>>> print(open('input_1.txt').read())   # compact mmCIF, C-alpha atoms
# COMPACT_ATOMS: atom_id res chain seq x y z
CA MET A 815 -24.80 19.68 63.10
CA PRO A 816 -21.85 19.42 60.82
CA SER A 817 -22.81 19.18 57.21
CA ALA A 818 -22.41 15.81 55.67
CA ALA A 819 -19.33 15.42 53.52
CA PRO A 820 -20.10 15.02 49.87
CA VAL A 821 -20.10 11.48 48.70
CA THR A 822 -17.53 10.86 45.99
CA THR A 823 -17.14 7.80 43.89
CA PRO A 824 -13.78 6.80 42.54
CA ALA A 825 -13.32 7.41 38.86
CA PRO A 826 -13.40 4.25 36.81
CA PRO A 827 -10.04 3.08 35.60
CA PRO A 828 -9.23 4.20 32.08
CA GLU A 829 -10.40 1.76 29.50
CA ALA A 830 -7.61 -0.25 27.96
CA ALA A 831 -6.87 0.75 24.41
CA SER A 832 -8.52 -1.62 21.97
CA ARG A 833 -6.30 -4.00 20.06
CA SER A 834 -9.12 -5.36 17.93
CA PRO A 835 -8.08 -5.64 14.29
CA TRP A 836 -11.50 -4.20 13.38
CA ARG A 837 -11.35 -1.15 15.66
CA SER A 838 -10.99 1.28 12.74
CA LEU A 839 -14.49 0.31 11.59
CA ARG A 840 -16.04 1.97 14.61
CA HIS A 841 -15.60 5.21 12.66
CA THR A 842 -18.48 5.83 10.25
CA GLY A 843 -16.24 7.33 7.59
CA MET A 844 -14.00 4.29 7.61
CA ARG A 845 -16.96 1.96 7.17
CA TRP A 846 -18.14 3.89 4.11
CA TRP A 847 -14.60 4.12 2.76
CA SER A 848 -14.09 0.36 3.16
CA ALA A 849 -17.36 -0.40 1.37
CA ALA A 850 -16.42 1.93 -1.47
CA ASN A 851 -12.96 0.38 -1.74
CA PHE A 852 -14.43 -3.11 -1.84
CA LEU A 853 -16.59 -2.21 -4.83
CA SER A 854 -13.68 -0.40 -6.48
CA ASN A 855 -11.33 -3.35 -5.98
CA ALA A 856 -13.94 -5.77 -7.33
CA GLY A 857 -14.36 -3.60 -10.43
CA THR A 858 -10.61 -3.25 -10.90
CA TRP A 859 -10.05 -6.99 -10.72
CA MET A 860 -12.91 -7.60 -13.15
CA GLN A 861 -11.07 -5.37 -15.60
CA LEU A 862 -7.62 -6.81 -14.90
CA THR A 863 -8.93 -10.34 -15.37
CA VAL A 864 -9.95 -9.65 -18.95
CA GLN A 865 -7.38 -7.00 -19.86
CA ASN A 866 -4.64 -9.37 -21.05
CA LEU A 867 -7.23 -11.27 -23.05
CA LEU A 868 -8.34 -8.01 -24.64
CA VAL A 869 -4.77 -7.09 -25.61
CA LEU A 870 -4.25 -10.50 -27.19
CA GLN A 871 -7.60 -10.22 -28.94
CA ILE A 872 -6.67 -6.82 -30.41
CA THR A 873 -3.03 -7.48 -31.30
CA GLY A 874 -2.51 -11.24 -31.27
CA SER A 875 0.86 -10.53 -29.65
CA ALA A 876 2.05 -11.62 -26.21
CA ALA A 877 4.75 -8.95 -26.37
CA ALA A 878 2.06 -6.29 -26.69
CA THR A 879 0.56 -7.50 -23.42
CA GLY A 880 3.81 -6.85 -21.62
CA LEU A 881 4.16 -3.50 -23.37
CA SER A 882 0.75 -2.34 -22.15
CA VAL A 883 1.68 -3.22 -18.58
CA SER A 884 4.97 -1.36 -18.86
CA VAL A 885 3.33 1.73 -20.36
CA GLN A 886 0.85 1.88 -17.48
CA ALA A 887 3.63 1.41 -14.90
CA ALA A 888 6.03 3.93 -16.45
CA PRO A 889 4.37 7.05 -14.95
CA ALA A 890 4.74 5.61 -11.46
CA LEU A 891 8.44 5.20 -12.10
CA PHE A 892 9.10 8.70 -13.42
CA ILE A 893 6.50 11.15 -12.10
CA SER A 894 5.06 9.70 -8.88
CA VAL A 895 6.99 12.25 -6.83
CA PHE A 896 5.27 15.06 -8.75
CA GLY A 897 1.90 13.40 -8.15
CA GLY A 898 2.69 13.24 -4.45
CA ALA A 899 3.61 16.93 -4.46
CA ALA A 900 0.24 17.71 -6.04
CA VAL A 901 -1.48 15.74 -3.28
CA ASP A 902 0.33 17.86 -0.68
CA ARG A 903 -0.89 21.02 -2.38
CA TRP A 904 -4.51 20.23 -3.31
CA PRO A 905 -7.51 19.57 -0.97
CA ARG A 906 -7.45 15.86 -0.34
CA ARG A 907 -11.11 14.92 -0.69
CA THR A 908 -11.45 16.99 -3.85
CA THR A 909 -8.32 15.35 -5.26
CA VAL A 910 -9.63 11.84 -4.61
CA ALA A 911 -13.08 12.61 -6.01
CA VAL A 912 -11.65 14.13 -9.20
CA SER A 913 -9.02 11.41 -9.73
CA GLN A 914 -11.61 8.67 -9.23
CA ALA A 915 -13.97 10.38 -11.67
CA LEU A 916 -11.16 10.64 -14.24
CA LEU A 917 -10.28 6.96 -13.84
CA GLY A 918 -13.96 6.18 -14.31
CA ALA A 919 -14.00 8.26 -17.50
CA VAL A 920 -11.02 6.30 -18.85
CA ALA A 921 -12.78 3.00 -18.06
CA PHE A 922 -16.00 4.19 -19.75
CA THR A 923 -14.05 5.34 -22.80
CA THR A 924 -12.35 1.96 -23.07
CA ALA A 925 -15.69 0.16 -22.69
CA LEU A 926 -17.22 2.26 -25.49
CA LEU A 927 -14.31 1.71 -27.85
CA VAL A 928 -14.36 -2.03 -27.18
CA ALA A 929 -18.12 -2.22 -27.70
CA LEU A 930 -17.79 -0.35 -31.02
CA ASP A 931 -14.75 -2.44 -32.02
CA ARG A 932 -12.71 0.76 -32.46
CA LEU A 933 -9.87 0.10 -30.01
CA ASP A 934 -6.47 -0.52 -31.61
CA LEU A 935 -3.02 -0.91 -30.05
CA THR A 936 -2.25 2.83 -30.20
CA GLY A 937 -5.47 3.73 -28.42
CA LEU A 938 -4.96 1.00 -25.86
CA LEU A 939 -1.45 2.19 -25.01
CA LEU A 940 -2.61 5.80 -24.80
CA LEU A 941 -5.41 4.87 -22.37
CA ALA A 942 -2.96 2.80 -20.32
CA ALA A 943 -0.56 5.76 -20.09
CA VAL A 944 -3.37 8.14 -19.05
CA THR A 945 -4.44 5.67 -16.36
CA GLY A 946 -0.89 5.48 -15.07
CA VAL A 947 -0.57 9.27 -14.88
CA ILE A 948 -3.84 9.67 -12.98
CA ALA A 949 -2.81 6.88 -10.61
CA THR A 950 0.32 8.82 -9.56
CA VAL A 951 -2.03 11.30 -7.89
CA ASP A 952 -4.87 8.96 -6.98
CA GLY A 953 -2.69 6.44 -5.13
CA PRO A 954 -1.19 8.70 -2.45
CA ALA A 955 -4.38 10.77 -2.21
CA CYS A 956 -6.53 7.71 -1.44
CA ALA A 957 -3.98 6.36 1.05
CA LEU A 958 -3.82 9.64 2.96
CA LEU A 959 -7.58 10.17 2.85
CA GLY A 960 -7.95 6.80 4.59
CA ASN A 961 -5.58 8.08 7.29
CA ASP A 962 -7.76 11.14 7.79
CA LEU A 963 -10.71 8.97 8.77
CA VAL A 964 -9.16 7.31 11.84
CA PRO A 965 -6.98 8.38 14.79
CA ALA A 966 -3.29 7.59 14.50
CA GLU A 967 -3.54 4.68 16.93
CA ASP A 968 -6.12 3.00 14.68
CA LEU A 969 -4.07 3.35 11.49
CA PRO A 970 -2.67 -0.25 11.57
CA SER A 971 -6.25 -1.50 11.87
CA ALA A 972 -7.29 0.63 8.89
CA ILE A 973 -4.39 -0.75 6.83
CA GLY A 974 -5.24 -4.32 7.85
CA VAL A 975 -8.89 -3.82 6.96
CA GLY A 976 -7.78 -2.33 3.65
CA ALA A 977 -5.70 -5.44 2.91
CA LEU A 978 -8.70 -7.67 3.64
CA VAL A 979 -10.94 -5.49 1.48
CA HIS A 980 -8.39 -5.76 -1.33
CA SER A 981 -8.28 -9.56 -1.04
CA ALA A 982 -12.08 -9.87 -0.90
CA GLY A 983 -12.47 -7.52 -3.87
CA ARG A 984 -9.95 -9.54 -5.82
CA LEU A 985 -11.82 -12.79 -5.18
CA VAL A 986 -15.23 -11.33 -6.02
CA GLY A 987 -14.01 -9.38 -9.04
CA THR A 988 -12.17 -12.35 -10.52
CA ALA A 989 -15.19 -14.59 -10.01
CA LEU A 990 -17.62 -12.08 -11.52
CA ALA A 991 -15.38 -11.34 -14.51
CA GLY A 992 -15.90 -14.70 -16.17
CA VAL A 993 -19.67 -14.65 -15.63
CA THR A 994 -20.11 -11.03 -16.71
CA VAL A 995 -17.91 -11.29 -19.79
CA GLY A 996 -19.54 -14.56 -20.77
CA PHE A 997 -23.01 -13.01 -20.81
CA LEU A 998 -22.34 -9.34 -21.63
CA GLY A 999 -18.96 -9.24 -23.36
CA THR A 1000 -15.53 -7.80 -22.60
CA ALA A 1001 -16.73 -4.18 -22.51
CA SER A 1002 -18.90 -4.99 -19.48
CA ALA A 1003 -15.84 -5.43 -17.26
CA TYR A 1004 -14.64 -1.91 -18.10
CA LEU A 1005 -18.15 -0.55 -17.63
CA ALA A 1006 -18.41 -2.15 -14.18
CA ASN A 1007 -15.01 -0.76 -13.22
CA GLY A 1008 -16.06 2.72 -14.34
CA LEU A 1009 -19.20 2.52 -12.21
CA SER A 1010 -17.14 1.45 -9.20
CA PHE A 1011 -14.91 4.53 -9.60
CA LEU A 1012 -17.96 6.78 -9.75
CA PHE A 1013 -19.32 5.20 -6.57
CA VAL A 1014 -16.09 6.03 -4.73
CA ALA A 1015 -16.20 9.60 -6.07
CA SER A 1016 -19.81 9.98 -4.88
CA VAL A 1017 -18.96 8.75 -1.36
CA VAL A 1018 -15.92 10.99 -0.83
CA PRO A 1019 -17.81 14.30 -0.28
CA PHE A 1020 -19.68 12.77 2.67
CA LEU A 1021 -16.55 11.55 4.48
CA ARG A 1022 -15.50 13.55 7.52
CA PRO A 1023 -12.07 13.45 9.19
CA VAL A 1024 -11.85 12.35 12.81
CA ARG A 1025 -11.29 15.25 15.20
CA ASP A 1026 -8.58 15.21 17.85
CA PRO A 1027 -10.42 13.91 20.98
CA ARG A 1028 -8.35 16.23 23.23
CA GLY A 1029 -9.95 19.25 21.59
CA GLU A 1030 -6.65 20.60 20.33
CA GLY A 1031 -7.77 20.88 16.75
CA ASP A 1032 -7.09 18.73 13.75
CA THR A 1033 -3.65 17.21 13.77
CA GLY A 1034 -1.64 14.59 11.92
CA PRO A 1035 -3.57 11.82 10.24
CA ARG A 1036 -6.76 12.69 12.14
CA ALA A 1037 -7.83 15.48 9.83
CA ALA A 1038 -7.53 16.82 6.34
CA PRO A 1039 -4.38 18.91 6.06
CA SER A 1040 -4.54 22.65 5.77
CA PRO A 1041 -2.92 24.19 2.70
CA PRO A 1042 0.88 24.40 2.81
CA PRO A 1043 2.54 27.79 3.29
CA PRO A 1044 2.73 30.00 0.20
CA ASP A 1045 6.51 29.62 -0.09
CA ALA A 1046 6.32 25.82 -0.10
CA GLU A 1047 4.99 25.61 -3.69
CA LEU A 1048 5.21 22.09 -5.13
CA SER A 1049 8.73 21.55 -3.86
CA VAL A 1050 9.67 18.09 -5.02
CA ARG A 1051 13.22 18.78 -3.89
CA GLU A 1052 12.05 19.33 -0.31
CA GLY A 1053 10.39 15.91 -0.30
CA LEU A 1054 13.44 14.21 -1.78
CA ALA A 1055 15.74 15.91 0.74
CA PHE A 1056 13.54 14.91 3.65
CA PHE A 1057 13.37 11.30 2.49
CA ALA A 1058 17.12 11.05 1.91
CA ARG A 1059 17.97 12.50 5.34
CA ARG A 1060 15.35 10.57 7.28
CA PRO A 1061 17.05 7.40 8.59
CA ARG A 1062 13.76 5.60 9.21
CA LEU A 1063 12.59 6.04 5.65
CA VAL A 1064 15.97 5.11 4.19
CA ALA A 1065 15.93 1.98 6.36
CA LEU A 1066 12.44 1.10 5.13
CA ALA A 1067 13.58 1.55 1.54
CA CYS A 1068 16.56 -0.75 2.11
CA VAL A 1069 14.41 -3.43 3.75
CA SER A 1070 11.89 -3.17 0.91
CA ALA A 1071 14.62 -3.40 -1.73
CA ILE A 1072 16.37 -6.47 -0.34
CA SER A 1073 13.07 -8.23 0.38
CA SER A 1074 11.58 -7.43 -3.03
CA VAL A 1075 14.56 -8.76 -4.97
CA PHE A 1076 15.56 -11.83 -2.96
CA GLY A 1077 12.29 -12.66 -1.21
CA ARG A 1078 8.55 -12.29 -1.60
CA ASN A 1079 8.44 -13.27 -5.30
CA TYR A 1080 6.89 -16.57 -4.31
CA GLY A 1081 4.81 -16.79 -7.46
CA LEU A 1082 8.11 -17.30 -9.28
CA THR A 1083 10.38 -19.14 -6.81
CA LEU A 1084 7.78 -21.50 -5.36
CA ALA A 1085 6.39 -22.30 -8.80
CA VAL A 1086 9.84 -23.47 -9.91
CA LEU A 1087 10.40 -25.34 -6.63
CA VAL A 1088 7.05 -27.16 -6.75
CA THR A 1089 7.21 -28.15 -10.40
CA GLY A 1090 10.97 -28.86 -10.32
CA PRO A 1091 12.73 -30.33 -7.25
CA LEU A 1092 9.47 -31.38 -5.56
CA ALA A 1093 8.21 -32.98 -8.79
CA ALA A 1094 4.61 -31.84 -8.28
CA GLY A 1095 2.26 -30.46 -10.91
CA ALA A 1096 0.47 -27.22 -11.62
CA GLY A 1097 -2.39 -28.29 -9.37
CA ALA A 1098 -0.02 -28.54 -6.43
CA PHE A 1099 1.21 -25.02 -7.05
CA GLY A 1100 -2.44 -23.91 -7.04
CA THR A 1101 -2.70 -25.36 -3.55
CA VAL A 1102 0.45 -23.50 -2.49
CA SER A 1103 -0.99 -20.27 -3.90
CA ALA A 1104 -4.21 -20.78 -1.95
CA VAL A 1105 -2.26 -21.28 1.28
CA LEU A 1106 -0.23 -18.15 0.52
CA ALA A 1107 -3.48 -16.20 0.12
CA ALA A 1108 -4.82 -17.59 3.40
CA GLY A 1109 -1.60 -16.64 5.17
CA GLY A 1110 -1.89 -13.11 3.79
CA ILE A 1111 -5.39 -12.80 5.24
CA VAL A 1112 -4.22 -14.09 8.63
CA GLY A 1113 -1.35 -11.61 8.55
CA ALA A 1114 -3.67 -8.72 7.69
CA VAL A 1115 -5.82 -9.53 10.75
CA LEU A 1116 -2.76 -9.81 13.00
CA GLY A 1117 -1.31 -6.61 11.57
CA GLY A 1118 -4.52 -4.80 12.41
CA ARG A 1119 -3.84 -5.47 16.10
CA LEU A 1120 -0.66 -3.38 16.05
CA ARG A 1121 -0.78 -0.01 17.79
CA ARG A 1122 2.67 1.56 17.33
CA PRO A 1123 4.43 -0.12 14.41
CA SER A 1124 8.11 0.73 14.08
CA VAL A 1125 10.94 0.35 11.62
CA ARG A 1126 12.56 -2.07 14.05
CA LEU A 1127 9.45 -4.27 13.94
CA VAL A 1128 9.39 -4.15 10.13
CA GLY A 1129 13.03 -5.25 10.03
CA VAL A 1130 12.53 -8.08 12.51
CA LEU A 1131 9.52 -9.40 10.60
CA ALA A 1132 11.31 -9.14 7.25
CA ALA A 1133 14.32 -11.01 8.66
CA ALA A 1134 12.01 -13.69 10.11
CA GLY A 1135 10.36 -14.02 6.71
CA GLY A 1136 13.77 -14.45 5.11
CA LEU A 1137 14.67 -17.24 7.52
CA LEU A 1138 11.34 -18.98 6.91
CA GLN A 1139 11.98 -18.68 3.17
CA ALA A 1140 15.41 -20.29 3.60
CA VAL A 1141 13.89 -23.19 5.52
CA ALA A 1142 11.14 -23.55 2.91
CA GLY A 1143 13.81 -23.85 0.23
CA LEU A 1144 15.03 -27.01 1.98
CA SER A 1145 11.53 -28.60 2.10
CA PRO A 1146 11.80 -32.33 1.33
CA SER A 1147 8.13 -32.63 0.37
CA LEU A 1148 5.10 -30.62 -0.67
CA LEU A 1149 3.46 -31.19 2.73
CA VAL A 1150 6.39 -29.62 4.59
CA LEU A 1151 6.35 -26.69 2.17
CA LEU A 1152 2.64 -26.12 2.79
CA VAL A 1153 3.27 -26.03 6.55
CA LEU A 1154 5.91 -23.33 6.08
CA VAL A 1155 4.08 -21.27 3.47
CA LEU A 1156 1.31 -20.13 5.81
CA PRO A 1157 3.57 -18.42 8.40
CA MET A 1158 5.75 -17.05 5.58
CA ALA A 1159 2.78 -15.25 4.06
CA ALA A 1160 1.43 -14.15 7.45
CA VAL A 1161 4.77 -12.63 8.51
CA GLU A 1162 5.06 -10.84 5.18
CA SER A 1163 1.55 -9.41 5.54
CA VAL A 1164 2.15 -8.14 9.10
CA SER A 1165 5.44 -6.61 7.95
CA ASP A 1166 3.67 -4.84 5.09
CA THR A 1167 1.03 -3.44 7.47
CA ALA A 1168 3.69 -2.14 9.85
CA MET A 1169 5.75 -0.68 6.99
CA THR A 1170 2.76 1.11 5.50
CA ALA A 1171 1.76 2.54 8.88
CA VAL A 1172 5.24 3.94 9.51
CA LEU A 1173 5.51 5.28 5.97
CA GLN A 1174 2.19 7.10 6.17
CA THR A 1175 2.67 8.63 9.63
CA ASP A 1176 6.40 9.33 10.02
CA PRO A 1177 6.65 12.35 7.66
CA PRO A 1178 5.12 15.69 8.73
CA ALA A 1179 1.64 16.19 7.30
CA HIS A 1180 2.69 18.65 4.58
CA LEU A 1181 5.26 16.19 3.16
CA ARG A 1182 3.34 12.91 3.23
CA GLY A 1183 2.12 13.05 -0.35
CA ARG A 1184 5.65 13.59 -1.65
CA VAL A 1185 7.02 10.80 0.52
CA LEU A 1186 4.37 8.39 -0.78
CA GLY A 1187 5.15 9.49 -4.33
CA ILE A 1188 8.86 8.78 -3.80
CA TRP A 1189 7.96 5.41 -2.31
CA SER A 1190 5.81 4.57 -5.33
CA SER A 1191 8.76 5.24 -7.64
CA ILE A 1192 11.03 3.07 -5.49
CA GLY A 1193 8.48 0.25 -5.42
CA THR A 1194 8.08 0.37 -9.18
CA VAL A 1195 11.84 -0.01 -9.65
CA TRP A 1196 11.93 -3.15 -7.55
CA SER A 1197 8.72 -4.63 -8.96
CA LEU A 1198 10.12 -4.30 -12.49
CA GLY A 1199 13.74 -5.16 -11.77
CA GLY A 1200 13.33 -7.76 -9.03
CA PRO A 1201 11.90 -10.69 -11.03
CA PRO A 1202 14.61 -10.63 -13.74
CA LEU A 1203 17.36 -10.51 -11.10
CA LEU A 1204 15.72 -13.34 -9.19
CA GLY A 1205 15.29 -15.32 -12.38
CA LEU A 1206 19.00 -14.94 -13.08
CA LEU A 1207 19.77 -16.17 -9.56
CA MET A 1208 17.57 -19.24 -10.10
CA GLU A 1209 19.31 -19.94 -13.39
CA THR A 1210 22.61 -19.95 -11.49
CA ALA A 1211 21.70 -21.56 -8.16
CA GLY A 1212 18.41 -23.32 -8.87
CA ALA A 1213 15.10 -22.82 -7.06
CA ARG A 1214 16.38 -24.17 -3.74
CA GLY A 1215 19.54 -22.11 -3.92
CA ALA A 1216 17.56 -18.95 -4.71
CA LEU A 1217 15.18 -19.50 -1.80
CA VAL A 1218 17.85 -20.46 0.72
CA GLY A 1219 20.50 -17.98 -0.42
CA GLY A 1220 17.97 -15.17 -0.90
CA GLY A 1221 16.37 -15.75 2.49
CA LEU A 1222 19.72 -15.78 4.29
CA LEU A 1223 20.80 -12.67 2.42
CA VAL A 1224 17.64 -10.84 3.50
CA ALA A 1225 18.05 -11.85 7.14
CA GLY A 1226 21.80 -11.20 7.17
CA THR A 1227 21.53 -7.77 5.56
CA ILE A 1228 18.87 -6.66 8.03
CA ALA A 1229 20.92 -7.98 10.96
CA ALA A 1230 23.92 -6.01 9.70
CA GLY A 1231 21.74 -2.93 9.44
CA PHE A 1232 20.67 -3.32 13.06
CA ALA A 1233 24.31 -3.59 14.11
CA VAL A 1234 25.22 -0.39 12.26
CA ARG A 1235 22.19 1.39 13.71
CA ILE A 1236 23.18 0.51 17.27
CA ARG A 1237 26.69 1.90 16.80
CA ARG A 1238 25.63 5.10 15.03
CA PRO A 1239 23.71 7.70 17.09
CA HIS A 1240 20.48 9.05 15.67
CA ALA A 1241 20.64 12.65 14.41
CA PRO A 1242 17.48 14.80 14.22
CA VAL A 1243 16.28 15.88 10.80
CA LEU A 1244 15.98 19.56 9.86
CA ILE A 1245 12.41 20.22 8.75
CA ARG A 1246 10.87 23.51 7.72
CA PRO A 1247 7.53 23.73 9.54
CA ARG A 1248 4.39 25.25 8.08
CA ASN A 1249 5.12 28.80 9.23
CA GLY A 1250 8.28 28.83 7.10
CA GLU A 1251 10.66 29.10 10.06
CA THR A 1252 13.48 26.63 10.49
CA ALA A 1253 13.46 24.36 13.51
CA LEU A 1254 14.56 20.92 14.58
CA THR A 1255 11.48 18.72 14.49
CA LYS A 1256 10.84 15.06 15.05
CA ALA A 1257 8.35 14.55 12.19
CA LEU A 1258 6.16 12.24 14.32
CA GLU A 1259 6.68 10.08 17.36
CA THR A 1260 6.89 6.74 15.57
CA ALA A 1261 9.24 4.41 17.43
CA ALA A 1262 12.63 4.00 15.81
>>> encode(input="input_1.txt", output="structure tokens")
Amino acid sequence: MPSAAPVTTPAPPPEAASRSPWRSLRHTGMRWWSAANFLSNAGTWMQLTVQNLLVLQITGSAAATGLSVSVQAAPALFISVFGGAAVDRWPRRTTVAVSQALLGAVAFTTALLVALDRLDLTGLLLLAAVTGVIATVDGPACALLGNDLVPAEDLPSAIGVGALVHSAGRLVGTALAGVTVGFLGTASAYLANGLSFLFVASVVPFLRPVRDPRGEGDTGPRAAPSPPPPDAELSVREGLAFFARRPRLVALACVSAISSVFGRNYGLTLAVLVTGPLAAGAGAFGTVSAVLAAGGIVGAVLGGRLRRPSVRLVGVLAAAGGLLQAVAGLSPSLLVLLVLVLPMAAVESVSDTAMTAVLQTDPPAHLRGRVLGIWSSIGTVWSLGGPPLLGLLMETAGARGALVGGGLLVAGTIAAGFAVRIRRPHAPVLIRPRNGETALTKALETAA
């Protein structure tokens, strides 16, 4: 008798890739990292809530408050690129653990000096400067460590979850600040922040990068980077050259610049619109701020559903936000403004998620720290220079004119950029790979 043919069952169809905004949390490391970041954000916002009050209490000067903020921001403006280069050189988990421990030490020192009533303006500014210097390394190191914990396709989800964690930490930290300071004093906020930094530092050694599921080894954002080649050193110039010759990154910088100056500063433009042309009070602006926050949360959830964010998507969303801003500037009533504010904030949040995902995955692994350092310097320029420029525009054109004109300028500039991009062919970027040889490489396969 002929032998019976083996019975075969058809292979199940491949499971569709998840688009859940929470998919990054299926990784154990990401769950621990999110919990640690929540506590750290809550501690940070406890400290920030009372910091201005502390400066006023010590100095009695509002100008000193602004000076302390500027001193802490100055390192990001001038040396972030060197901090990013250090992140590219040093082991990532060790870098994060050490930087978090140092930030905790600064917070504990501040708490002790406040408790002993020994903190003067000089000491306060010195501690602010030290915090700013440490942050130039801690910022890119923490961002890239988060990338290590998830596969590349889950990075938008991780960024969206991070945005939600930041918002939740801000709410909890702000709420706890008043209660804690009321019962335990101002030093308690710094003490709590120091403890939150130590918790993050204690969690980091137990985090493990996600391995490439194809068994090809650790690649890209899935694993901690291996040390750069000996001849790479801490080449800041290499990072600057890559950024300047990478059209995607230059385009992101241009979108960020135009949006930061003529859009997004809703705490300024909408405050003037609500209390001026719309003739509403401070309470009404509080309502607008709450709707903006809700829109940001909605946008973070929607952004987490992205799988392959692109520069084109960032530009489209930024242009859409500019058009919504222009329409909001024409709002005849507070109710109409509230209807427009929610999608404005949501579009901005999705755009931020897409921009961050492209920024953190487009450069080759051995250059990502330097690219994030350069980006931090760029962002600091616009965060410091944008509000005064926007304020000058409002003085000239009024709140409505600033919103309408600024929104149209954002959308028009991005549209012009798209037109130029279509006419100009894309040229590959020359990148020196890890083995020191020269080759034409595509950095990563992020859509243009």
>>> atom_distance(input="input_1.txt", atom1="CA of Ser981 in chain A", atom2="CA of Val1164 in chain A")
14.6 Å
>>> residues_around(input="input_1.txt", residues="range 939-944 of chain A", least_positions_apart="2", cutoff="6 Å", atoms="only C-alpha atoms", output="VMD selection string")
chain A and resid 882 885 to 886 936 to 937 946 to 947
>>> atom_distance(input="input_1.txt", atom1="CA of Asn851 in chain A", atom2="CA of Ala921 in chain A")
16.5 Å
>>> closest_residue(input="input_1.txt", among="A:Ala1006, A:Ala972, A:Ala1058, A:Val1125", to="Ser834 in chain A", atoms="all atoms listed in the file")
A:Ala972
>>> closest_residue(input="input_1.txt", among="A:Ala925, A:Ile872, A:Val995, A:Leu1021", to="Gly843 in chain A", atoms="all atoms listed in the file")
A:Leu1021
>>> residues_around(input="input_1.txt", residues="Arg984 in chain A", least_positions_apart="4", cutoff="9 Å", atoms="only C-alpha atoms", output="compact mmCIF listing (two decimals) with C-alpha atoms, in the frame of the given file")
# COMPACT_ATOMS: atom_id res chain seq x y z
CA PHE A 852 -14.43 -3.11 -1.84
CA ASN A 855 -11.33 -3.35 -5.98
CA ALA A 856 -13.94 -5.77 -7.33
CA GLY A 857 -14.36 -3.60 -10.43
CA THR A 858 -10.61 -3.25 -10.90
CA TRP A 859 -10.05 -6.99 -10.72
CA MET A 860 -12.91 -7.60 -13.15
CA VAL A 979 -10.94 -5.49 1.48
CA HIS A 980 -8.39 -5.76 -1.33
CA THR A 988 -12.17 -12.35 -10.52
CA ALA A 989 -15.19 -14.59 -10.01
>>> closest_residue(input="input_1.txt", among="A:Val1218, A:Ala949, A:Leu1131, A:Cys1068", to="Pro889 in chain A", atoms="all atoms listed in the file")
A:Ala949
>>> closest_residue(input="input_1.txt", among="A:Pro835, A:Trp1196, A:Leu1148, A:Ala1216", to="Val1075 in chain A", atoms="all atoms listed in the file")
A:Trp1196
>>> atom_distance(input="input_1.txt", atom1="CA of Val1014 in chain A", atom2="CA of Val895 in chain A")
24.0 Å
>>> residues_around(input="input_1.txt", residues="Arg1119 in chain A", least_positions_apart="4", cutoff="12 Å", atoms="all atoms listed in the file", output="ChimeraX atom specification")
/A:831-838,967-975,1112-1115,1123,1164,1167-1168
>>> residues_around(input="input_1.txt", residues="Gly1226 in chain A", least_positions_apart="6", cutoff="12 Å", atoms="only C-alpha atoms", output="list in words")
Val1069, Ile1072, Ser1073, Phe1076, Gly1129, Val1130, Ala1132, Ala1133, Ala1134, Gly1135, Gly1136, Leu1137, Ala1140, Val1218, Gly1219, Gly1220, Phe1232 and Ala1233 of chain A
